[in-house]
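Student: The following file, work.txt, comprises compact mmCIF, C-alpha atoms:
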# COMPACT_ATOMS: atom_id res chain seq x y z
CA MET A 11 2.05 -27.60 -17.83
CA ALA A 12 5.14 -25.47 -17.57
CA ALA A 13 7.75 -26.68 -15.15
CA PHE A 14 9.55 -24.78 -12.40
CA SER A 15 12.33 -25.78 -10.05
CA PHE A 16 11.52 -27.21 -6.65
CA GLU A 17 13.79 -28.21 -3.77
CA LEU A 18 12.99 -30.08 -0.59
CA VAL A 19 15.73 -29.99 2.05
CA SER A 20 15.99 -31.23 5.62
CA PRO A 21 18.88 -30.25 7.93
CA GLU A 22 20.57 -33.52 7.12
CA LYS A 23 20.23 -33.65 3.36
CA LEU A 24 18.74 -32.54 0.09
CA LEU A 25 15.76 -34.79 -0.53
CA PHE A 26 14.40 -33.54 -3.79
CA SER A 27 15.69 -31.21 -6.43
CA GLY A 28 14.44 -30.78 -9.93
CA ASP A 29 11.78 -29.43 -12.25
CA VAL A 30 8.20 -30.10 -11.27
CA ASP A 31 4.76 -29.18 -12.55
CA ALA A 32 3.02 -28.47 -9.26
CA VAL A 33 3.59 -28.81 -5.53
CA VAL A 34 0.96 -28.94 -2.80
CA ALA A 35 2.27 -27.96 0.64
CA PRO A 36 0.60 -27.73 4.04
CA GLY A 37 0.94 -24.05 4.97
CA VAL A 38 0.20 -22.95 8.50
CA GLU A 39 -2.85 -21.08 7.24
CA GLY A 40 -4.06 -23.81 4.94
CA GLU A 41 -2.80 -26.00 2.15
CA PHE A 42 -1.61 -24.25 -0.95
CA THR A 43 -0.58 -25.27 -4.42
CA VAL A 44 2.39 -23.71 -6.14
CA LEU A 45 2.48 -23.53 -9.91
CA ARG A 46 4.90 -21.77 -12.20
CA ASP A 47 5.19 -17.98 -11.71
CA HIS A 48 3.65 -18.01 -8.28
CA ALA A 49 3.95 -14.67 -6.44
CA PRO A 50 6.89 -14.49 -4.00
CA PHE A 51 5.68 -15.84 -0.72
CA LEU A 52 7.09 -17.14 2.54
CA THR A 53 5.26 -19.23 5.10
CA THR A 54 5.72 -21.67 7.93
CA LEU A 55 4.47 -25.20 7.46
CA LYS A 56 2.37 -27.36 9.70
CA PRO A 57 2.77 -31.14 9.85
CA GLY A 58 1.26 -32.74 6.80
CA VAL A 59 1.79 -34.07 3.31
CA ILE A 60 3.75 -32.50 0.50
CA GLU A 61 2.60 -33.62 -2.89
CA ILE A 62 5.04 -33.23 -5.75
CA ASP A 63 3.70 -33.46 -9.28
CA VAL A 64 6.32 -34.43 -11.84
CA GLY A 65 4.82 -35.11 -15.25
CA SER A 66 2.44 -37.98 -14.76
CA LYS A 67 4.14 -39.12 -11.53
CA LYS A 68 3.09 -38.01 -8.09
CA GLU A 69 5.34 -38.16 -5.08
CA ARG A 70 4.05 -37.84 -1.55
CA LEU A 71 6.20 -37.08 1.46
CA PHE A 72 5.34 -36.23 5.04
CA VAL A 73 6.93 -33.21 6.66
CA ARG A 74 6.99 -32.31 10.32
CA GLY A 75 6.91 -28.53 10.19
CA GLY A 76 9.34 -26.18 8.48
CA PHE A 77 9.33 -23.27 6.05
CA ALA A 78 8.31 -22.78 2.46
CA ASP A 79 9.93 -20.12 0.33
CA VAL A 80 8.40 -19.33 -3.04
CA SER A 81 10.73 -17.02 -4.91
CA PRO A 82 10.84 -15.89 -8.54
CA THR A 83 13.59 -18.44 -9.16
CA GLY A 84 11.80 -21.44 -7.68
CA PHE A 85 10.22 -23.03 -4.70
CA THR A 86 12.20 -24.24 -1.66
CA VAL A 87 10.90 -26.14 1.33
CA LEU A 88 13.06 -26.22 4.45
CA ALA A 89 11.57 -29.08 6.44
CA ASP A 90 12.41 -30.05 10.01
CA GLN A 91 11.98 -33.70 9.28
CA VAL A 92 10.89 -35.57 6.19
CA ILE A 93 9.43 -39.06 6.27
CA PRO A 94 8.79 -40.94 3.01
CA LEU A 95 5.32 -42.35 2.71
CA ALA A 96 6.53 -45.94 2.80
CA ASP A 97 8.39 -45.54 6.11
CA LEU A 98 5.44 -44.08 7.94
CA THR A 99 3.50 -46.52 10.05
CA ALA A 100 1.41 -46.03 13.15
CA ALA A 101 3.92 -47.98 15.22
CA ALA A 102 6.92 -45.92 14.06
CA LEU A 103 5.04 -42.69 14.69
CA ASP A 104 4.02 -43.84 18.15
CA ALA A 105 7.62 -44.68 18.94
CA ASP A 106 8.64 -41.21 17.78
CA ILE A 107 5.98 -39.57 19.92
CA GLU A 108 7.08 -41.59 22.91
CA ALA A 109 10.70 -40.60 22.36
CA ALA A 110 9.68 -36.96 22.06
CA GLU A 111 7.71 -37.32 25.30
CA ALA A 112 10.79 -38.70 27.05
CA VAL A 113 12.88 -35.80 25.77
CA LEU A 114 10.22 -33.39 26.99
CA GLN A 115 10.30 -34.92 30.47
CA ALA A 116 14.10 -34.64 30.63
CA ALA A 117 14.27 -31.14 29.15
CA VAL A 118 15.51 -28.37 31.40
CA GLY A 119 15.01 -24.72 30.63
CA ASN A 120 12.41 -22.93 28.56
CA GLU A 121 13.95 -23.17 25.13
CA SER A 122 14.67 -26.90 25.13
CA GLN A 123 11.21 -27.48 26.60
CA ARG A 124 9.67 -25.38 23.89
CA ILE A 125 11.45 -27.31 21.16
CA ALA A 126 10.55 -30.68 22.67
CA LEU A 127 6.93 -29.64 23.15
CA GLU A 128 6.72 -28.38 19.60
CA LYS A 129 8.12 -31.61 18.28
CA ARG A 130 5.70 -33.75 20.25
CA ASP A 131 2.70 -31.69 19.24
CA GLN A 132 3.74 -31.74 15.61
CA LEU A 133 4.08 -35.51 15.68
CA ARG A 134 0.66 -35.85 17.32
CA GLU A 135 -0.87 -33.57 14.76
CA LEU A 136 0.73 -35.59 11.98
CA LYS A 137 -0.80 -38.72 13.45
CA ALA A 138 -4.20 -37.07 13.69
CA THR A 139 -4.10 -35.84 10.08
CA LEU A 140 -3.25 -39.27 8.83
CA LYS A 141 -5.86 -40.96 11.06
CA LEU A 142 -3.50 -43.78 11.89
CA MET B 28 77.10 -47.18 20.71
CA PRO B 29 73.93 -49.27 21.14
CA SER B 30 74.30 -53.01 21.05
CA LEU B 31 72.88 -55.11 18.23
CA LYS B 32 70.07 -56.32 20.48
CA ASP B 33 69.12 -52.74 21.35
CA LEU B 34 68.96 -51.86 17.67
CA ARG B 35 66.85 -54.89 16.88
CA ASN B 36 64.39 -53.95 19.62
CA ARG B 37 64.25 -50.40 18.44
CA ILE B 38 63.50 -51.40 14.85
CA SER B 39 60.73 -53.76 15.84
CA SER B 40 59.11 -51.16 18.06
CA VAL B 41 59.13 -48.57 15.29
CA LYS B 42 57.66 -51.15 12.96
CA ALA B 43 54.81 -51.76 15.41
CA THR B 44 54.16 -48.02 15.64
CA GLN B 45 54.13 -47.76 11.88
CA LYS B 46 51.51 -50.47 11.68
CA ILE B 47 49.31 -48.54 14.09
CA THR B 48 49.64 -45.21 12.29
CA LYS B 49 49.00 -46.91 8.98
CA ALA B 50 45.82 -48.47 10.32
CA MET B 51 44.69 -45.17 11.83
CA GLN B 52 45.24 -43.45 8.53
CA MET B 53 43.09 -45.96 6.71
CA VAL B 54 40.32 -45.74 9.30
CA ALA B 55 40.43 -41.94 9.07
CA ALA B 56 40.22 -42.11 5.29
CA ALA B 57 37.10 -44.26 5.47
CA LYS B 58 35.49 -42.04 8.10
CA LEU B 59 36.46 -38.93 6.19
CA ARG B 60 34.49 -40.03 3.17
CA ARG B 61 31.37 -40.50 5.26
CA ALA B 62 31.85 -37.24 7.15
CA GLN B 63 32.43 -35.37 3.93
CA LEU B 64 29.24 -36.72 2.40
CA ALA B 65 27.28 -35.75 5.51
CA ALA B 66 28.75 -32.25 5.50
CA GLU B 67 27.95 -31.80 1.84
CA ALA B 68 24.43 -33.12 2.28
CA ALA B 69 23.75 -30.58 5.02
CA ARG B 70 25.05 -27.63 3.05
CA PRO B 71 21.94 -26.88 0.92
CA TYR B 72 19.73 -26.44 3.98
CA ALA B 73 22.07 -23.99 5.66
CA GLU B 74 22.50 -22.08 2.40
CA ARG B 75 18.78 -21.79 1.72
CA MET B 76 18.22 -20.78 5.32
CA GLU B 77 20.79 -18.05 4.95
CA LYS B 78 19.09 -16.80 1.79
CA VAL B 79 15.66 -16.70 3.41
CA LEU B 80 17.05 -14.89 6.43
CA ALA B 81 18.86 -12.40 4.24
CA SER B 82 15.73 -11.54 2.32
CA LEU B 83 13.74 -11.30 5.55
CA LYS B 84 16.30 -9.04 7.08
CA SER B 85 16.42 -6.74 4.08
CA GLY B 86 12.61 -6.71 4.04
CA LEU B 87 12.53 -5.73 7.68
CA GLY B 88 14.93 -2.86 7.10
CA ALA B 89 16.31 -1.02 10.08
CA GLY B 90 13.06 -1.29 11.96
CA SER B 91 13.34 -1.11 15.72
CA ASN B 92 10.99 -4.04 16.23
CA ALA B 93 13.47 -6.62 14.95
CA PRO B 94 13.83 -9.57 17.34
CA ALA B 95 16.82 -9.46 19.69
CA LEU B 96 18.31 -12.59 18.15
CA LEU B 97 18.68 -10.69 14.89
CA ALA B 98 19.54 -7.23 16.10
CA GLY B 99 21.42 -8.05 19.30
CA THR B 100 20.89 -6.51 22.69
CA GLY B 101 22.51 -3.26 21.70
CA SER B 102 25.58 -3.80 23.84
CA ASP B 103 28.61 -6.04 23.42
CA GLN B 104 29.83 -6.32 26.97
CA THR B 105 29.60 -10.06 27.51
CA HIS B 106 30.76 -12.48 24.87
CA LEU B 107 29.95 -16.15 24.63
CA LEU B 108 32.45 -18.30 22.77
CA VAL B 109 31.22 -21.70 21.66
CA VAL B 110 34.32 -23.70 20.85
CA CYS B 111 33.79 -26.92 18.89
CA SER B 112 36.65 -29.39 18.81
CA ALA B 113 37.28 -33.11 18.55
CA GLU B 114 36.96 -35.70 21.28
CA ARG B 115 40.30 -37.25 20.51
CA GLY B 116 43.80 -36.19 19.72
CA LEU B 117 46.32 -37.56 17.24
CA CYS B 118 44.98 -35.41 14.46
CA GLY B 119 47.80 -32.97 13.83
CA GLY B 120 47.17 -29.33 14.59
CA PHE B 121 43.41 -29.64 14.35
CA ASN B 122 42.42 -29.09 17.98
CA ALA B 123 45.31 -26.76 18.66
CA SER B 124 44.44 -24.39 15.84
CA ILE B 125 40.78 -24.09 16.90
CA ALA B 126 41.82 -23.54 20.50
CA ARG B 127 44.40 -20.97 19.45
CA LEU B 128 41.84 -18.98 17.47
CA ALA B 129 39.45 -19.02 20.42
CA ARG B 130 42.20 -18.10 22.86
CA ASP B 131 43.36 -15.15 20.77
CA LYS B 132 39.80 -13.89 20.51
CA ALA B 133 39.24 -14.32 24.26
CA ASN B 134 42.48 -12.52 25.08
CA ALA B 135 41.62 -9.65 22.74
CA LEU B 136 38.19 -9.29 24.33
CA LEU B 137 39.60 -9.39 27.85
CA ARG B 138 42.11 -6.69 26.97
CA GLU B 139 39.21 -4.50 25.85
CA GLY B 140 37.64 -4.98 29.25
CA LYS B 141 34.87 -7.23 28.00
CA SER B 142 33.81 -10.31 29.90
CA VAL B 143 34.02 -13.72 28.30
CA LYS B 144 32.15 -16.97 28.79
CA ILE B 145 33.12 -20.19 27.08
CA ILE B 146 31.16 -23.30 26.18
CA CYS B 147 33.28 -26.18 24.97
CA VAL B 148 31.76 -28.74 22.64
CA GLY B 149 34.15 -31.65 22.56
CA LYS B 150 36.77 -32.47 25.13
CA LYS B 151 39.99 -31.39 23.47
CA ALA B 152 39.42 -27.65 23.34
CA ASN B 153 38.46 -27.81 26.99
CA ASP B 154 41.78 -29.46 27.82
CA VAL B 155 43.68 -26.63 26.17
CA LEU B 156 41.56 -23.69 27.29
CA ARG B 157 41.11 -24.88 30.86
CA ARG B 158 44.64 -23.90 31.79
CA GLN B 159 44.17 -20.26 30.95
CA PHE B 160 40.42 -19.71 31.17
CA GLY B 161 39.42 -22.32 33.75
CA ASP B 162 37.04 -19.94 35.49
CA LYS B 163 35.48 -18.74 32.24
CA ILE B 164 34.41 -22.14 30.97
CA ILE B 165 30.81 -22.51 32.00
CA GLU B 166 30.03 -25.75 30.31
CA LEU B 167 31.57 -28.75 28.60
CA ILE B 168 29.38 -30.69 26.19
CA GLU B 169 30.95 -34.04 25.42
CA LEU B 170 30.32 -35.75 22.14
CA ARG B 171 31.86 -39.02 23.23
CA GLY B 172 29.95 -42.10 22.25
CA ILE B 173 28.06 -40.40 19.45
CA LYS B 174 28.40 -42.59 16.40
CA SER B 175 26.81 -40.47 13.74
CA LEU B 176 26.01 -36.79 13.97
CA ASN B 177 22.42 -35.85 13.41
CA TYR B 178 20.36 -32.75 13.86
CA ALA B 179 18.98 -33.99 17.18
CA ILE B 180 22.44 -33.53 18.72
CA ALA B 181 22.78 -29.94 17.60
CA GLU B 182 19.29 -28.91 18.66
CA PRO B 183 19.84 -29.01 22.45
CA ILE B 184 23.09 -27.07 22.08
CA GLY B 185 21.29 -24.40 20.08
CA ALA B 186 18.48 -24.37 22.64
CA LYS B 187 20.96 -23.86 25.46
CA ILE B 188 22.56 -20.90 23.70
CA ILE B 189 19.19 -19.27 23.05
CA GLU B 190 18.06 -19.81 26.62
CA MET B 191 21.17 -18.16 27.98
CA PHE B 192 20.62 -15.29 25.59
CA HIS B 193 17.05 -14.80 26.78
CA ARG B 194 18.24 -14.81 30.37
CA GLY B 195 20.58 -12.02 29.41
CA GLU B 196 23.75 -13.95 30.20
CA PHE B 197 25.59 -12.66 27.15
CA ASP B 198 25.27 -10.14 24.32
CA VAL B 199 27.31 -11.62 21.49
CA ALA B 200 27.80 -15.28 20.64
CA THR B 201 30.55 -16.60 18.40
CA LEU B 202 30.98 -20.14 17.17
CA PHE B 203 34.45 -21.59 16.62
CA PHE B 204 35.00 -24.57 14.37
CA SER B 205 37.23 -25.78 11.59
CA LYS B 206 35.98 -25.42 8.07
CA PHE B 207 36.74 -28.31 5.78
CA HIS B 208 38.34 -27.38 2.48
CA SER B 209 40.34 -30.47 1.61
CA VAL B 210 42.27 -33.27 3.24
CA ILE B 211 45.29 -31.05 3.72
CA LEU B 212 43.52 -27.77 4.34
CA GLN B 213 41.16 -27.09 7.23
CA VAL B 214 40.61 -23.51 8.21
CA PRO B 215 39.71 -22.64 11.81
CA THR B 216 36.78 -20.24 11.57
CA ALA B 217 34.92 -17.89 13.89
CA LEU B 218 31.26 -17.38 13.05
CA GLN B 219 29.09 -14.85 14.82
CA LEU B 220 25.74 -16.38 15.79
CA ILE B 221 24.06 -13.61 17.78
CA PRO B 222 23.39 -10.97 16.57
CA LEU B 223 23.01 -12.57 13.19
CA GLN B 224 25.41 -11.52 10.49
CA ILE B 225 24.56 -12.14 6.88
CA PRO B 226 27.57 -12.56 4.60
CA ALA B 227 27.79 -9.58 2.26
CA LYS B 228 27.63 -11.80 -0.80
CA THR B 229 24.25 -13.32 0.12
CA ALA B 230 22.87 -9.95 1.14
CA VAL B 231 23.69 -8.43 -2.23
CA ALA B 232 22.34 -11.38 -4.17
CA THR B 233 18.96 -11.16 -2.51
CA GLY B 234 18.78 -7.40 -2.14
CA SER B 235 16.95 -6.73 -5.37
CA ARG B 236 14.25 -9.30 -4.93
CA ALA B 237 10.60 -8.56 -5.39
CA ALA B 238 8.33 -7.80 -2.48
CA TYR B 239 7.41 -10.89 -0.53
CA GLU B 240 4.15 -11.93 0.96
CA TYR B 241 4.32 -13.45 4.39
CA GLU B 242 2.10 -15.91 6.15
CA PRO B 243 1.39 -15.45 9.09
CA ASP B 244 3.62 -12.33 9.11
CA GLU B 245 7.27 -11.39 8.94
CA GLU B 246 7.84 -11.14 12.65
CA GLU B 247 6.26 -14.46 13.46
CA ILE B 248 8.28 -16.19 10.78
CA LEU B 249 11.44 -14.55 12.02
CA THR B 250 10.85 -15.61 15.61
CA ALA B 251 10.39 -19.17 14.42
CA LEU B 252 13.27 -19.06 11.97
CA LEU B 253 15.99 -17.47 14.11
CA PRO B 254 16.24 -20.12 16.86
CA ARG B 255 16.24 -22.79 14.21
CA ASN B 256 19.02 -21.02 12.35
CA ILE B 257 21.24 -21.19 15.43
CA SER B 258 20.75 -24.93 15.78
CA VAL B 259 21.39 -25.34 12.07
CA GLN B 260 24.62 -23.36 12.29
CA VAL B 261 25.77 -25.45 15.26
CA PHE B 262 24.87 -28.61 13.35
CA ARG B 263 26.79 -27.41 10.34
CA ALA B 264 29.81 -26.55 12.50
CA LEU B 265 29.75 -30.02 14.02
CA LEU B 266 29.62 -31.65 10.59
CA GLU B 267 32.40 -29.47 9.17
CA ASN B 268 34.42 -30.25 12.27
CA ALA B 269 33.92 -33.97 11.91
CA ALA B 270 35.13 -33.89 8.32
CA SER B 271 38.06 -31.64 9.22
CA GLU B 272 39.08 -33.85 12.11
CA GLN B 273 39.24 -36.94 9.95
CA GLY B 274 41.07 -35.05 7.22
CA ALA B 275 43.62 -33.70 9.69
CA ARG B 276 44.05 -37.13 11.26
CA MET B 277 44.53 -38.72 7.89
CA SER B 278 47.31 -36.38 6.83
CA ALA B 279 48.93 -36.47 10.28
CA MET B 280 48.95 -40.26 10.28
CA ASP B 281 50.22 -40.32 6.72
CA SER B 282 53.27 -38.29 7.64
CA ALA B 283 53.72 -40.31 10.83
CA THR B 284 53.80 -43.49 8.77
CA ARG B 285 56.34 -41.95 6.42
CA ASN B 286 58.51 -40.81 9.30
CA ALA B 287 58.41 -44.28 10.81
CA GLY B 288 59.51 -45.71 7.46
CA GLU B 289 62.46 -43.36 7.33
CA MET B 290 63.44 -44.19 10.87
CA ILE B 291 63.31 -47.91 10.16
CA LYS B 292 65.56 -47.40 7.15
CA LYS B 293 68.12 -45.47 9.18
CA GLN B 294 68.10 -47.87 12.07
CA THR B 295 68.39 -50.88 9.76
CA MET B 296 71.38 -49.27 8.07
CA LEU B 297 72.99 -48.66 11.44
CA TYR B 298 72.22 -52.21 12.50
CA ASN B 299 73.78 -53.72 9.37
CA ARG B 300 76.85 -51.51 9.63
CA SER B 301 77.55 -52.42 13.21
CA ARG B 302 76.95 -56.11 12.50
CA GLN B 303 79.42 -55.97 9.60
CA ALA B 304 81.90 -54.06 11.75
CA MET B 305 81.69 -56.75 14.38
CA ILE B 306 82.30 -59.52 11.83
CA THR B 307 85.27 -57.63 10.38
CA LYS B 308 86.66 -57.10 13.84
CA GLU B 309 86.40 -60.80 14.67
CA LEU B 310 88.05 -61.76 11.36
CA ILE B 311 90.94 -59.38 11.97
CA GLU B 312 91.39 -60.87 15.42
CA ILE B 313 91.51 -64.43 14.02
CA ILE B 314 93.84 -63.53 11.15
CA SER B 315 96.25 -61.52 13.25
CA GLY B 316 96.18 -64.33 15.83
CA ALA B 317 97.10 -66.86 13.12
CA GLU B 318 99.86 -64.63 11.75
CA ALA B 319 101.44 -64.27 15.16
CA LEU B 320 101.97 -68.00 15.43
Hey, can you dump this file as structure tokens for me?

Tutor:
Amino acid sequence: MAAFSFELVSPEKLLFSGDVDAVVAPGVEGEFTVLRDHAPFLTTLKPGVIEIDVGSKKERLFVRGGFADVSPTGFTVLADQVIPLADLTAAALDADIEAAEAVLQAAVGNESQRIALEKRDQLRELKATLKL
Amino acid sequence: MPSLKDLRNRISSVKATQKITKAMQMVAAAKLRRAQLAAEAARPYAERMEKVLASLKSGLGAGSNAPALLAGTGSDQTHLLVVCSAERGLCGGFNASIARLARDKANALLREGKSVKIICVGKKANDVLRRQFGDKIIELIELRGIKSLNYAIAEPIGAKIIEMFHRGEFDVATLFFSKFHSVILQVPTALQLIPLQIPAKTAVATGSRAAYEYEPDEEEILTALLPRNISVQVFRALLENAASEQGARMSAMDSATRNAGEMIKKQTMLYNRSRQAMITKELIEIISGAEAL
């Protein structure tokens, strides 16, 4: 399979950069797979799993929403939050949801409430998809 | 002429100061490395975001249905200045230069008859700007006690700015921070947040790109992307600021240590001279006393 360049970035750092064979990402209107020479395409992501195919290796990472940008030069995912598979447990996710809930309770004003609500719902959805 | 005891005291006090500045310099150097790594790690996201926004904006063209966050409200009567500075002093001209840039901008706007509102992030800019613009400062966001910067700190600040914008409290928002170039060079920078401005370089680079497909559609993506971009820009400013602050502190403390060293040298010379003078004086007194007998 021909390789193309893929990048996964969160606001805090660059998590993955390099040539890959295929990437499966959870688009807001359904999962999609990107191969080489994919048509230019921009979408928002819903919480779910990104699967990166490098040669015979497969890497799986969880993302909590974000954007995917497929351009002629490569594929870029701007994720809100990325959690490696190994770090994701039901307990950690529950703690995150609880923290988001607390933020939501304390939030004043529409915009901060919207952000907090979005975060909580995304985390809940993530939990539901993983059936933890 | 100070007495020998005075000189001794003075030398030891300068030595103590030198120890402190030396320690501060080393702490700043260690923190700088971490801050620099964090700032560099955050750069790709902001850059990609800028690229995506640029291509979206060029795709949207001059359409009238562009969201207000992108196109502005159409007027520029009320300006919001978000001034990011450090929580602590002793870092050379770092805080002063950010505050000066913000003050010049505020003065220029006031002269044009515009109204100005200021949000201070970090205590030091507030201290400087309060004297002149006390009534214009609407909020002070303190960063005290925050050990490591993460995106969760920038998000509420971004949310606050967007909320104020939706309530129609200002038309144009500008972010002030210090851009980190190197240990000795930090450039105070003003960055316009609302309406969004795409640097000419990025706009040109993405201008010729093929037609995009959008899911769900352009507008929906833009409305999701724009608020996030503001938080990302604030986050980036905070990170750049953190690195700049440590860099400025490091070089300030380095020169303070050097100055202390020079002062110690001078004072020690003075001390030795006056001690020698005293000994010579006493000898002359003894010898001339003996000769008189």

Student: Could the residues of chain B within 8 Å of chain A, counting only C-alpha atoms, be given as number ranges by chain, please?

Tutor: B: 65, 68-73, 75-76, 79, 177-178, 183, 186-187, 189-190, 237-243, 248, 259

Student: Now that the selection is made, can you save its residues with C-alpha atoms as a PDB file, in the frame of the given file?

Tutor:
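The file below, selection.pdb, is the result:
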ATOM      1  CA  ALA B  65      27.280 -35.750   5.510  1.00  0.00           C
ATOM      2  CA  ALA B  68      24.430 -33.120   2.280  1.00  0.00           C
ATOM      3  CA  ALA B  69      23.750 -30.580   5.020  1.00  0.00           C
ATOM      4  CA  ARG B  70      25.050 -27.630   3.050  1.00  0.00           C
ATOM      5  CA  PRO B  71      21.940 -26.880   0.920  1.00  0.00           C
ATOM      6  CA  TYR B  72      19.730 -26.440   3.980  1.00  0.00           C
ATOM      7  CA  ALA B  73      22.070 -23.990   5.660  1.00  0.00           C
ATOM      8  CA  ARG B  75      18.780 -21.790   1.720  1.00  0.00           C
ATOM      9  CA  MET B  76      18.220 -20.780   5.320  1.00  0.00           C
ATOM     10  CA  VAL B  79      15.660 -16.700   3.410  1.00  0.00           C
ATOM     11  CA  ASN B 177      22.420 -35.850  13.410  1.00  0.00           C
ATOM     12  CA  TYR B 178      20.360 -32.750  13.860  1.00  0.00           C
ATOM     13  CA  PRO B 183      19.840 -29.010  22.450  1.00  0.00           C
ATOM     14  CA  ALA B 186      18.480 -24.370  22.640  1.00  0.00           C
ATOM     15  CA  LYS B 187      20.960 -23.860  25.460  1.00  0.00           C
ATOM     16  CA  ILE B 189      19.190 -19.270  23.050  1.00  0.00           C
ATOM     17  CA  GLU B 190      18.060 -19.810  26.620  1.00  0.00           C
ATOM     18  CA  ALA B 237      10.600  -8.560  -5.390  1.00  0.00           C
ATOM     19  CA  ALA B 238       8.330  -7.800  -2.480  1.00  0.00           C
ATOM     20  CA  TYR B 239       7.410 -10.890  -0.530  1.00  0.00           C
ATOM     21  CA  GLU B 240       4.150 -11.930   0.960  1.00  0.00           C
ATOM     22  CA  TYR B 241       4.320 -13.450   4.390  1.00  0.00           C
ATOM     23  CA  GLU B 242       2.100 -15.910   6.150  1.00  0.00           C
ATOM     24  CA  PRO B 243       1.390 -15.450   9.090  1.00  0.00           C
ATOM     25  CA  ILE B 248       8.280 -16.190  10.780  1.00  0.00           C
ATOM     26  CA  VAL B 259      21.390 -25.340  12.070  1.00  0.00           C
TER      27      VAL B 259
END

Student: Kindly give the distance, in Å, that separates atom CA of B:Lys32 and atom CA of B:Ile47, rounded to a single decimal.

Tutor: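 Straight-line distance from atom CA of B:Lys32 to atom CA of B:Ile47 works out to 23.1 Å.
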
Student: Grab the atom CA of B:Ala283 to atom CA of B:Arg157 distance for me, in Å with one decimal place.

Tutor: 28.3 Å

Student: Closest to A:Leu98 among A:Lys56, A:Arg130, A:Lys137, A:Lys67, using only C-alpha atoms?

Tutor: A:Lys137

Student: Find the distance between atom CA of A:Gln115 and atom CA of B:Glu182 and write it in Å to one decimal.

Tutor: 16.0 Å

Student: From the set A:Glu111, A:Glu41, A:Asp131, A:Asp31, which residue has the shortest atom-to-atom contact distance to A:Lys68, counting all atoms listed in the file?

Tutor: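 For A:Lys68, the nearest of the candidates is A:Asp31.
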
Student: Between B:Met53, B:Leu136, B:Ile257, B:Leu64, which one has atoms that come closest to B:Thr105, using only C-alpha atoms?

Tutor: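 Result for the nearest residue to B:Thr105: B:Leu136.
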